[in-house]
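Novice: This is final.txt (compact mmCIF, C-alpha atoms).
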```
# COMPACT_ATOMS: atom_id res chain seq x y z
CA MET A 8 182.01 100.08 121.34
CA GLY A 9 181.86 97.73 124.31
CA CYS A 10 183.76 94.47 124.52
CA ALA A 11 181.86 91.25 125.19
CA VAL A 12 183.69 88.08 126.22
CA LEU A 13 182.28 84.80 124.91
CA PRO A 14 182.99 81.35 126.32
CA ALA A 15 185.20 78.99 124.38
CA ARG A 16 183.49 76.02 122.73
CA SER A 17 184.87 72.55 123.08
CA ARG A 18 182.80 70.80 120.44
CA PRO A 19 180.74 71.81 117.36
CA GLN A 20 177.04 72.39 117.78
CA PRO A 21 174.54 70.49 115.60
CA GLY A 22 174.57 71.80 112.03
CA MET A 23 178.02 73.42 112.46
CA GLU A 24 179.73 71.51 109.69
CA PRO A 25 183.05 73.07 108.65
CA LEU A 26 183.13 75.32 105.60
CA SER A 27 184.31 73.59 102.46
CA GLY A 28 187.51 74.68 100.78
CA ALA A 29 185.58 75.65 97.66
CA LEU A 30 183.24 77.93 99.62
CA LYS A 31 186.17 79.57 101.42
CA LYS A 32 187.87 80.17 98.08
CA ARG A 33 184.74 81.71 96.55
CA ALA A 34 184.22 83.95 99.56
CA THR A 35 187.83 85.13 99.38
CA GLU A 36 187.50 85.89 95.67
CA GLN A 37 184.25 87.78 96.20
CA HIS A 38 185.79 89.67 99.10
CA HIS A 39 188.69 90.79 96.94
CA ARG A 40 186.33 91.84 94.17
CA ALA A 41 184.30 93.88 96.64
CA GLU A 42 187.49 95.63 97.76
CA VAL A 43 188.29 96.43 94.12
CA MET A 44 184.82 97.90 93.61
CA ILE A 45 185.09 100.06 96.72
CA ALA A 46 188.58 101.29 95.84
CA GLY A 47 187.48 101.99 92.27
CA GLU A 48 184.49 103.99 93.42
CA GLN A 49 186.53 106.00 95.89
CA LEU A 50 188.94 106.82 93.07
CA ARG A 51 186.09 107.81 90.75
CA LEU A 52 184.69 110.29 93.23
CA ARG A 53 188.14 111.77 93.93
CA LEU A 54 188.71 112.23 90.21
CA HIS A 55 185.35 113.96 89.84
CA ASP A 56 186.24 116.27 92.71
CA GLY A 57 189.65 116.95 91.15
CA LYS A 58 188.07 117.71 87.74
CA LEU A 59 190.08 115.00 85.99
CA ILE A 60 186.81 113.46 84.92
CA LYS A 61 184.98 115.83 82.62
CA ASP A 62 183.44 116.16 79.16
CA ARG A 63 186.11 116.09 76.45
CA ARG A 64 186.06 116.68 72.71
CA TYR A 65 187.96 114.56 70.21
CA HIS A 66 187.54 114.59 66.42
CA LEU A 67 184.45 116.82 66.63
CA ARG A 68 182.74 114.48 69.10
CA THR A 69 182.11 115.12 72.78
CA TYR A 70 182.76 112.27 75.22
CA PRO A 71 181.09 112.99 78.59
CA ASN A 72 182.56 112.11 81.97
CA CYS A 73 185.89 110.71 80.81
CA PHE A 74 189.58 111.06 81.64
CA VAL A 75 192.88 110.94 79.74
CA ALA A 76 194.90 107.86 80.67
CA LYS A 77 198.25 109.65 80.65
CA GLU A 78 196.93 112.45 82.88
CA LEU A 79 195.52 109.91 85.32
CA THR A 80 198.84 108.07 85.57
CA ASP A 81 200.48 111.41 86.41
CA TRP A 82 197.79 112.02 89.03
CA LEU A 83 198.30 108.60 90.65
CA ILE A 84 202.02 109.29 91.06
CA ASP A 85 201.51 112.87 92.28
CA HIS A 86 198.98 111.69 94.89
CA LYS A 87 201.18 108.82 96.11
CA GLU A 88 198.71 106.20 94.86
CA ALA A 89 201.39 104.64 92.66
CA PRO A 90 205.18 104.79 93.01
CA ASP A 91 205.79 104.72 89.26
CA ARG A 92 204.02 104.61 85.91
CA GLU A 93 204.25 100.82 85.61
CA THR A 94 202.40 100.37 88.90
CA GLY A 95 199.83 102.98 87.88
CA ILE A 96 199.15 101.05 84.68
CA ARG A 97 198.78 97.79 86.62
CA LEU A 98 196.32 99.44 89.01
CA MET A 99 194.12 100.77 86.23
CA GLN A 100 194.32 97.45 84.39
CA LYS A 101 192.98 95.86 87.55
CA LEU A 102 189.94 98.17 87.34
CA MET A 103 189.50 97.24 83.67
CA ASP A 104 189.70 93.54 84.50
CA HIS A 105 186.93 94.02 87.05
CA TYR A 106 184.74 95.88 84.56
CA ILE A 107 184.97 99.21 86.41
CA ILE A 108 186.54 101.35 83.67
CA HIS A 109 186.72 100.98 79.90
CA HIS A 110 187.93 102.77 76.80
CA VAL A 111 185.23 105.20 75.67
CA CYS A 112 184.84 103.41 72.32
CA ASP A 113 185.80 99.97 73.64
CA GLU A 114 188.63 99.86 71.12
CA HIS A 115 191.25 98.86 73.69
CA SER A 116 190.85 95.92 76.06
CA ASP A 117 193.93 96.94 78.03
CA TYR A 118 194.89 100.17 79.78
CA LYS A 119 197.42 102.22 77.82
CA ASP A 120 199.45 105.04 79.37
CA ALA A 121 198.70 107.35 76.46
CA LYS A 122 196.44 110.20 75.37
CA LEU A 123 193.44 107.89 75.18
CA LEU A 124 190.04 108.50 76.72
CA TYR A 125 188.69 106.10 79.32
CA ARG A 126 185.56 106.23 81.46
CA PHE A 127 184.20 104.70 84.64
CA ARG A 128 181.28 102.44 83.77
CA LYS A 129 179.29 103.98 86.61
CA ASP A 130 179.49 107.28 84.70
CA ASP A 131 177.81 105.92 81.59
CA GLY A 132 175.45 103.38 83.19
CA THR A 133 177.22 100.32 81.75
CA PHE A 134 178.30 98.67 84.98
CA PRO A 135 176.20 95.46 85.10
CA LEU A 136 174.08 94.88 88.16
CA SER A 137 174.68 91.17 88.67
CA LYS A 138 173.30 89.02 91.47
CA ASP A 139 176.67 89.18 93.23
CA VAL A 140 176.63 92.97 93.11
CA LYS A 141 173.13 93.01 94.59
CA VAL A 142 174.40 90.96 97.52
CA PHE A 143 177.32 93.34 97.92
CA MET A 144 174.97 96.33 97.91
CA ARG A 145 172.69 94.67 100.43
CA GLY A 146 175.67 94.05 102.69
CA GLN A 147 176.76 97.67 102.41
CA SER A 148 173.27 98.86 103.27
CA LEU A 149 173.06 96.64 106.34
CA TYR A 150 176.52 97.69 107.51
CA GLU A 151 175.71 101.40 107.25
CA LYS A 152 172.45 100.83 109.09
CA LEU A 153 174.13 98.88 111.88
CA VAL A 154 177.00 101.30 112.52
CA SER A 155 174.65 104.29 112.53
CA VAL A 156 172.37 103.21 115.40
CA GLU A 157 172.92 103.38 119.13
CA GLY A 158 173.25 100.06 120.91
CA SER A 159 174.28 98.31 117.70
CA ILE A 160 174.85 94.57 117.79
CA LEU A 161 178.23 95.28 116.14
CA LYS A 162 180.78 95.37 118.96
CA VAL A 163 184.35 94.52 119.80
CA ARG A 164 183.93 90.98 121.08
CA GLU A 165 186.37 88.50 122.52
CA GLU A 166 186.57 84.77 122.00
CA ASN A 167 189.42 82.47 123.05
CA SER A 168 191.38 85.55 124.21
CA VAL A 169 191.18 87.15 120.75
CA LYS A 170 189.31 90.42 120.16
CA TYR A 171 187.31 90.91 116.96
CA GLN A 172 186.13 94.21 115.51
CA ARG A 173 182.62 94.67 114.04
CA ALA A 174 181.55 91.36 115.59
CA PHE A 175 178.09 89.93 116.31
CA LEU A 176 176.38 86.68 117.24
CA GLY A 177 174.53 84.85 114.49
CA SER A 178 171.32 84.68 116.53
CA GLU A 179 171.52 88.42 117.25
CA MET A 180 171.87 89.22 113.57
CA VAL A 181 168.90 87.02 112.72
CA GLU A 182 166.81 88.72 115.39
CA TRP A 183 167.85 92.18 114.19
CA LEU A 184 167.12 91.43 110.53
CA VAL A 185 163.60 90.28 111.38
CA GLN A 186 162.89 93.18 113.76
CA GLU A 187 164.09 95.76 111.23
CA GLY A 188 162.00 94.26 108.41
CA GLU A 189 165.10 93.21 106.47
CA ALA A 190 163.80 89.63 106.47
CA GLU A 191 160.30 88.26 106.87
CA SER A 192 161.34 85.23 108.89
CA ARG A 193 164.29 83.79 110.73
CA ARG A 194 164.80 81.33 107.90
CA GLU A 195 164.99 84.15 105.36
CA ALA A 196 167.39 86.00 107.66
CA VAL A 197 169.66 82.96 107.79
CA GLU A 198 169.62 82.71 103.98
CA LEU A 199 170.61 86.35 103.76
CA GLY A 200 173.40 85.84 106.27
CA GLN A 201 174.66 82.85 104.31
CA ALA A 202 174.70 84.88 101.11
CA LEU A 203 176.68 87.63 102.83
CA LEU A 204 179.19 85.07 104.08
CA GLU A 205 179.53 83.39 100.69
CA HIS A 206 180.27 86.79 99.15
CA GLY A 207 183.03 87.64 101.61
CA ILE A 208 181.09 90.40 103.36
CA ILE A 209 180.84 88.68 106.74
CA GLN A 210 182.73 85.68 108.08
CA HIS A 211 182.92 83.35 111.03
CA VAL A 212 185.70 84.74 113.20
CA SER A 213 187.75 81.56 112.75
CA ASN A 214 186.53 81.06 109.17
CA ARG A 215 185.31 77.58 110.01
CA HIS A 216 181.51 77.71 109.92
CA HIS A 217 178.73 78.93 107.68
CA PHE A 218 176.20 81.45 108.96
CA LEU A 219 173.80 79.91 111.48
CA ASP A 220 171.03 81.12 113.78
CA SER A 221 173.03 80.36 116.93
CA ASP A 222 175.46 81.90 119.42
CA ILE A 223 178.39 81.66 117.03
CA LEU A 224 180.57 84.73 116.61
CA TYR A 225 180.80 86.43 113.22
CA GLN A 226 182.18 89.76 112.04
CA PHE A 227 181.89 92.06 109.06
CA TRP A 228 184.92 91.14 106.97
CA ILE A 229 184.56 94.36 104.99
CA ASN A 230 184.86 97.75 106.65
CA PHE A 231 182.92 99.78 104.10
CA ARG A 232 184.01 103.08 105.62
CA ARG A 233 187.75 102.55 105.44
CA ARG A 234 189.68 104.64 102.93
CA ARG A 235 191.49 102.31 100.52
CA ARG A 236 194.91 102.78 98.96
CA LEU A 237 194.93 101.60 95.39
CA THR A 238 198.13 99.61 95.82
CA GLU A 239 196.17 97.26 98.09
CA LEU A 240 194.55 95.91 94.94
CA LEU A 241 197.83 94.36 93.84
CA SER A 242 198.36 92.38 97.04
CA GLU A 243 195.79 89.62 96.45
CA ASN A 244 196.93 86.05 97.03
CA SER A 245 195.95 84.81 93.61
CA SER A 246 197.17 86.08 90.27
CA ARG A 247 195.35 88.52 88.00
CA ALA A 248 191.67 87.79 88.37
CA LEU A 249 188.85 88.00 85.88
CA SER A 250 185.19 87.16 86.14
CA GLU A 251 183.28 84.12 85.08
CA SER A 252 180.04 86.08 85.17
CA PRO A 253 178.10 86.29 81.91
CA ASP A 254 178.61 90.04 82.08
CA SER A 255 182.37 89.93 82.45
CA PRO A 256 184.54 91.34 79.69
CA PHE A 257 186.37 88.04 79.25
CA CYS A 258 183.94 85.61 80.82
CA LEU A 259 185.38 82.60 79.00
CA ARG A 260 188.79 82.81 80.64
CA LYS A 261 188.50 80.70 83.76
CA LEU A 262 190.07 82.87 86.40
CA ASN A 263 187.98 84.42 89.08
CA PRO A 264 185.59 87.35 90.02
CA GLU A 265 182.87 89.07 88.08
CA PRO A 266 181.63 92.47 87.09
CA GLY A 267 179.51 94.01 89.45
CA ASN A 268 177.83 98.36 90.71
CA THR A 269 177.22 100.17 93.85
CA SER A 270 175.59 103.00 95.70
CA PHE A 271 179.06 103.63 96.72
CA LEU A 272 180.60 106.18 98.69
CA SER A 273 182.15 109.58 99.04
CA VAL A 274 185.60 110.03 100.55
CA GLN A 275 185.85 112.03 103.76
CA PRO A 276 188.89 113.75 105.33
CA ASN A 277 188.81 111.33 108.28
CA LYS A 278 189.67 108.49 105.90
CA GLU A 279 186.20 107.02 106.08
CA ILE A 280 183.40 107.09 103.55
CA LYS A 281 179.67 107.55 103.61
CA VAL A 282 176.85 106.68 101.27
CA VAL A 283 176.30 109.28 98.58
CA SER A 284 173.00 111.08 98.81
CA ALA A 285 173.37 113.38 95.83
CA VAL A 286 173.19 112.15 92.25
CA ARG A 287 176.13 113.02 90.04
CA ARG A 288 175.30 113.92 86.45
CA SER A 289 175.14 110.89 84.19
CA SER A 290 176.68 108.71 86.87
CA ILE A 291 174.11 107.21 89.21
CA THR A 292 170.38 106.88 89.38
CA SER A 293 168.00 105.04 91.62
CA LEU A 294 167.06 101.48 90.89
CA ALA A 295 163.54 100.30 91.47
CA GLY A 296 161.36 97.37 90.66
CA ASN A 297 163.33 94.58 92.33
CA SER A 298 160.62 92.12 93.29
CA ASN A 299 162.88 89.68 95.13
CA PRO A 300 162.80 90.57 98.84
CA TYR A 301 166.02 88.65 99.43
CA PHE A 302 167.97 91.04 97.24
CA SER A 303 165.81 94.10 97.82
CA ILE A 304 167.71 97.36 98.05
CA THR A 305 166.91 100.02 100.62
CA PRO A 306 165.71 103.40 99.33
CA THR A 307 168.87 105.14 100.59
CA LEU A 308 171.02 103.41 98.01
CA VAL A 309 171.50 104.62 94.46
CA PHE A 310 172.84 102.78 91.45
CA PRO A 311 173.57 103.19 87.78
CA PRO A 312 171.00 101.80 85.38
CA VAL A 313 170.98 98.05 84.98
CA ALA A 314 173.11 96.75 82.13
CA GLU A 315 172.38 93.10 81.50
CA CYS A 316 175.15 92.64 78.98
CA ASN A 317 177.96 94.58 77.37
CA PRO A 318 176.52 98.06 76.84
CA LYS A 319 177.13 98.42 73.14
CA SER A 320 177.12 95.65 70.58
CA VAL A 321 180.05 95.52 68.19
CA LEU A 322 177.61 94.71 65.40
CA LYS A 323 176.85 97.63 63.11
CA ARG A 324 173.28 96.39 62.73
CA PRO A 325 171.13 93.46 63.95
CA VAL A 326 171.38 90.24 61.92
CA THR A 327 168.73 87.50 61.97
CA ASN A 328 169.12 83.75 61.58
CA GLU A 329 167.06 83.93 58.40
CA GLU A 330 169.54 86.40 56.95
CA LEU A 331 172.51 84.24 57.89
CA LEU A 332 171.03 81.07 56.41
CA SER A 333 169.38 82.47 53.29
CA PRO A 334 170.81 81.18 49.96
CA GLY A 335 173.52 83.42 48.61
CA ALA A 336 173.95 85.30 51.88
CA PRO A 337 177.36 87.04 52.12
CA TYR A 338 178.56 84.86 54.99
CA VAL A 339 181.07 82.03 55.12
CA LYS A 340 181.39 79.25 57.69
CA LYS A 341 184.68 78.48 59.42
CA MET A 342 185.62 75.76 61.88
CA LEU A 343 187.80 76.85 64.81
CA THR A 344 189.54 74.51 67.23
CA ILE A 345 190.47 76.34 70.42
CA VAL A 346 192.57 74.61 73.05
CA GLY A 347 192.02 76.35 76.37
CA ASP A 348 195.05 77.37 78.37
CA ALA A 349 195.35 77.47 82.16
CA VAL A 350 192.73 80.22 82.42
CA GLY A 351 190.31 79.43 79.61
CA TRP A 352 189.70 80.49 76.01
CA GLY A 353 189.68 84.28 75.95
CA PHE A 354 186.56 85.61 74.26
CA VAL A 355 183.09 86.97 74.98
CA VAL A 356 179.81 85.76 73.47
CA ARG A 357 176.88 88.18 73.40
CA GLY A 358 173.44 88.57 71.86
CA GLY A 359 171.01 85.80 71.07
CA ARG A 360 169.43 84.03 68.10
CA PRO A 361 172.10 84.41 66.72
CA CYS A 362 174.88 85.10 69.21
CA HIS A 363 178.02 86.93 68.13
CA ILE A 364 181.59 87.34 69.33
CA GLN A 365 181.67 90.59 71.27
CA ALA A 366 185.32 90.67 72.33
CA VAL A 367 188.48 88.61 71.92
CA ASP A 368 191.48 88.64 74.20
CA PRO A 369 194.38 89.41 71.83
CA GLY A 370 196.70 87.17 73.83
CA GLY A 371 194.30 84.28 74.32
CA PRO A 372 193.79 80.92 72.59
CA ALA A 373 190.69 82.11 70.69
CA ALA A 374 192.62 84.88 68.94
CA ALA A 375 195.37 82.41 68.04
CA ALA A 376 192.75 80.12 66.47
CA GLY A 377 191.42 82.91 64.27
CA MET A 378 188.43 84.14 66.22
CA LYS A 379 187.41 87.74 65.57
CA VAL A 380 184.72 90.10 66.83
CA CYS A 381 181.43 90.19 64.90
CA GLN A 382 181.58 86.51 63.97
CA PHE A 383 178.37 84.56 64.61
CA VAL A 384 178.31 81.31 66.59
CA PHE A 385 176.82 78.49 64.49
CA SER A 386 177.75 75.43 66.56
CA VAL A 387 179.61 74.49 69.74
CA ASN A 388 181.23 71.06 69.93
CA GLY A 389 178.92 69.82 67.19
CA MET A 390 175.73 71.26 68.71
CA TYR A 391 173.71 73.73 66.61
CA VAL A 392 173.30 76.92 68.65
CA LEU A 393 171.95 79.65 66.38
CA HIS A 394 168.66 79.51 68.31
CA LEU A 395 170.25 79.94 71.77
CA ASP A 396 171.06 83.02 73.86
CA TYR A 397 174.57 83.94 75.00
CA GLN A 398 174.09 82.74 78.60
CA THR A 399 173.22 79.24 77.38
CA ILE A 400 176.11 79.15 74.92
CA SER A 401 178.53 80.41 77.57
CA SER A 402 177.34 77.64 79.90
CA LEU A 403 177.84 75.02 77.19
CA ILE A 404 181.40 76.19 76.67
CA MET A 405 182.28 76.50 80.36
CA THR A 406 180.98 73.01 81.17
CA GLY A 407 182.47 71.36 78.08
CA PRO A 408 185.90 69.97 77.29
CA ARG A 409 189.07 72.01 77.30
CA THR A 410 189.38 71.62 73.52
CA LEU A 411 186.57 73.70 72.08
CA VAL A 412 185.37 73.16 68.52
CA MET A 413 183.28 76.06 67.24
CA GLU A 414 181.74 76.64 63.86
CA ILE A 415 181.36 80.33 63.20
CA MET A 416 179.95 82.44 60.38
CA GLU A 417 181.56 85.67 59.31
CA ALA A 418 180.77 88.28 56.68
CA ILE A 419 182.60 87.94 53.38
CA GLU A 420 184.81 90.97 52.97
```
Translate the structure described by the file into structure tokens.
Specialist:
Amino acid sequence: MGCAVLPARSRPQPGMEPLSGALKKRATEQHHRAEVMIAGEQLRLRLHDGKLIKDRRYHLRTYPNCFVAKELTDWLIDHKEAPDRETGIRLMQKLMDHYIIHHVCDEHSDYKDAKLLYRFRKDDGTFPLSKDVKVFMRGQSLYEKLVSVEGSILKVREENSVKYQRAFLGSEMVEWLVQEGEAESRREAVELGQALLEHGIIQHVSNRHHFLDSDILYQFWINFRRRRRLTELLSENSSRALSESPDSPFCLRKLNPEPGNTSFLSVQPNKEIKVVSAVRRSSITSLAGNSNPYFSITPTLVFPPVAECNPKSVLKRPVTNEELLSPGAPYVKKMLTIVGDAVGWGFVVRGGRPCHIQAVDPGGPAAAAGMKVCQFVFSVNGMYVLHLDYQTISSLIMTGPRTLVMEIMEAIE
């Protein structure tokens, strides 16, 4: 790559307002989550190649594409991905927290170093394709396209005597996006660039400005082709992060990222990765039908099927509001008062009309208040909610007071 030298700027240009602290924080969180997704996918493909992921039988049932936790911990140590078992457990818990792996029957919310079966959600199509993941995938597609062409706008560039890798001017990126048909107009190209910046995929080289159609220098913050070491996942600035996305396993604990899916990548001997072109059995399939051009995905990318919520309801059968409210129904109401701690309440709401409790963090405030899976949500802070979906109820809870009063209905045992 060539090296272009840009003049220093003495004063901001019109529209170059500094980035807010909140936007910088969100971009950093999304960047870390993207790194977790990439590292998790690289690990998944290595485990497939090493035959640790395979169909396994347990109690006369076959579980496809899974691994034994204890064997994987051994593998992590043998391959220098973890110095000891404790670190290996923390690494895999990180992948669970980011909705990348799960217990095959969802009976364990934490990663246990035992003879238990776990599976990558990409291998059973349960990795939710959220809006954030679509932006991540779009960024990966653009990056691969840019680094694969001659005369790419991505270069080593210099500003204020500092050299930046994978750098480009905002106006050049806008021009390229329009010319390549990635955006229909310069305005749409700017919106795409802003989304990429807000998701930690690109950044202003000094991290001071949003994406603009001007001669401001930006760079790809993520090098999609770099081989990750798993221990990098434990070096984030903030503490253990979870998602506030509606599709996160513990969306009502107010920490940080969100579950998200990728075309992802195969590991190469030169420590870089490339987009997978072959489809692995039961693991990835193409996604079509996205009508939004802003988040459209190029045909070269492949994904798991969309999962709009947790893949498998904990309910043994569907229950209607009429059944819950009918006279003599075998359900009892209970009032729970849940005082959120520093990170939230610790449970997941799913379903709709009525919604139910899909998961409860055993160490969270909700569990301490008596919340259990399979309970139905009758009211939230005095508001009747049997007729609402889980996204609306989750929003009510997240925007309400720290002390949460919920009326639930549970089956009489």
Novice: Which residue gives the smallest distance to A:His39 among A:Glu239, A:Asp222, A:Asp91, A:Glu330, with only C-alpha atoms counted?
Specialist: A:Glu239
Novice: Would you mind telling me which residue in A:Glu198, A:Asp62, A:Glu36, A:Glu93 lies nearest to A:Lys77 when using all atoms listed in the file?
Specialist: A:Glu93
Novice: Quick check, in Å to one decimal: how far apart do atom CA of A:Val339 and atom CA of A:Val384 lie?
Specialist: 11.8 Å
Novice: Quick check, in Å to one decimal: how far apart do atom CA of A:Lys141 and atom CA of A:Glu195 lie?
Specialist: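 Value for the atom CA of A:Lys141-atom CA of A:Glu195 distance: 16.1 Å.
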Novice: Which is closer to A:Lys119 than all the others in A:Pro369, A:Gly95, A:Gly335, A:Pro25, using all atoms listed in the file?
Specialist: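 Selected residue with least distance to A:Lys119: A:Gly95.
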Novice: How would you write as a compact mmCIF listing (two decimals) with C-alpha atoms, keeping the file's coordinate frame the residues that get within 10 Å of (193.5, 111.5, 76.4) in the file's frame, counting all atoms listed in the file?
Specialist:
```txt
# COMPACT_ATOMS: atom_id res chain seq x y z
CA ARG A 63 186.11 116.09 76.45
CA ARG A 64 186.06 116.68 72.71
CA TYR A 65 187.96 114.56 70.21
CA CYS A 73 185.89 110.71 80.81
CA PHE A 74 189.58 111.06 81.64
CA VAL A 75 192.88 110.94 79.74
CA ALA A 76 194.90 107.86 80.67
CA LYS A 77 198.25 109.65 80.65
CA GLU A 78 196.93 112.45 82.88
CA LEU A 79 195.52 109.91 85.32
CA ASP A 120 199.45 105.04 79.37
CA ALA A 121 198.70 107.35 76.46
CA LYS A 122 196.44 110.20 75.37
CA LEU A 123 193.44 107.89 75.18
CA LEU A 124 190.04 108.50 76.72
CA TYR A 125 188.69 106.10 79.32
```
Novice: From the set A:Trp82, A:Phe175, A:Phe354, A:Phe134, which residue has the shortest atom-to-atom contact distance to A:Ser116, counting all atoms listed in the file?
Specialist: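 Nearest to A:Ser116: A:Phe354.
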Novice: Kindly indicate which residue among A:Val156, A:Val140, A:Tyr338, A:Asp220 lies nearest to A:Ser178, using all atoms listed in the file for the distances.
Specialist: A:Asp220
Novice: May I ask for the distance between atom CA of A:Leu241 and atom CA of A:Leu98, given in Å to one decimal place?
Specialist: 7.2 Å
Novice: Could you work out an axis-aligned box for stretch 190-196 of chain A, taking every atom the file lists and adding 8 Å on each side, and report centre and edge lengths in Å to one decimal, as JSON?
Specialist:
```
{"center_x": 163.8, "center_y": 85.5, "center_z": 108.0, "size_x": 23.1, "size_y": 24.3, "size_z": 21.4}
```
Novice: Which residue is closest to A:Met99? Choose from A:Leu149, A:Leu237, A:Leu224, A:Leu403 and count all atoms listed in the file.
Specialist: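 Counting all atoms listed in the file, the residue closest to A:Met99 is A:Leu237.
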Novice: Excluding same-chain residues fewer than 3 positions from stretch 212-217 of chain A, what lies within 8 Å of it counting only C-alpha atoms, as a PDB file with C-alpha atoms, in the coordinates of the input?
Specialist:
```
ATOM      1  CA  MET A  23     178.020  73.420 112.460  1.00  0.00           C
ATOM      2  CA  GLU A  24     179.730  71.510 109.690  1.00  0.00           C
ATOM      3  CA  PRO A  25     183.050  73.070 108.650  1.00  0.00           C
ATOM      4  CA  LEU A  26     183.130  75.320 105.600  1.00  0.00           C
ATOM      5  CA  LYS A  31     186.170  79.570 101.420  1.00  0.00           C
ATOM      6  CA  TYR A 171     187.310  90.910 116.960  1.00  0.00           C
ATOM      7  CA  GLN A 201     174.660  82.850 104.310  1.00  0.00           C
ATOM      8  CA  LEU A 204     179.190  85.070 104.080  1.00  0.00           C
ATOM      9  CA  LEU A 224     180.570  84.730 116.610  1.00  0.00           C
ATOM     10  CA  TYR A 225     180.800  86.430 113.220  1.00  0.00           C
ATOM     11  CA  GLN A 226     182.180  89.760 112.040  1.00  0.00           C
TER      12      GLN A 226
END
```
Novice: Quick one: residues within 8 Å of A:Ile108, all atoms listed in the file counted, chain neighbours fewer than 3 positions away excluded, as a PyMOL selection string?
Specialist: chain A and resi 102-103+125-128
Novice: What residues have an atom no more than 9 Å from (173.2, 85.8, 71.5) in the file's own frame, counting all atoms listed in the file, and can you write them as a ChimeraX atom specification?
Specialist: /A:356-364,383-384,393-400
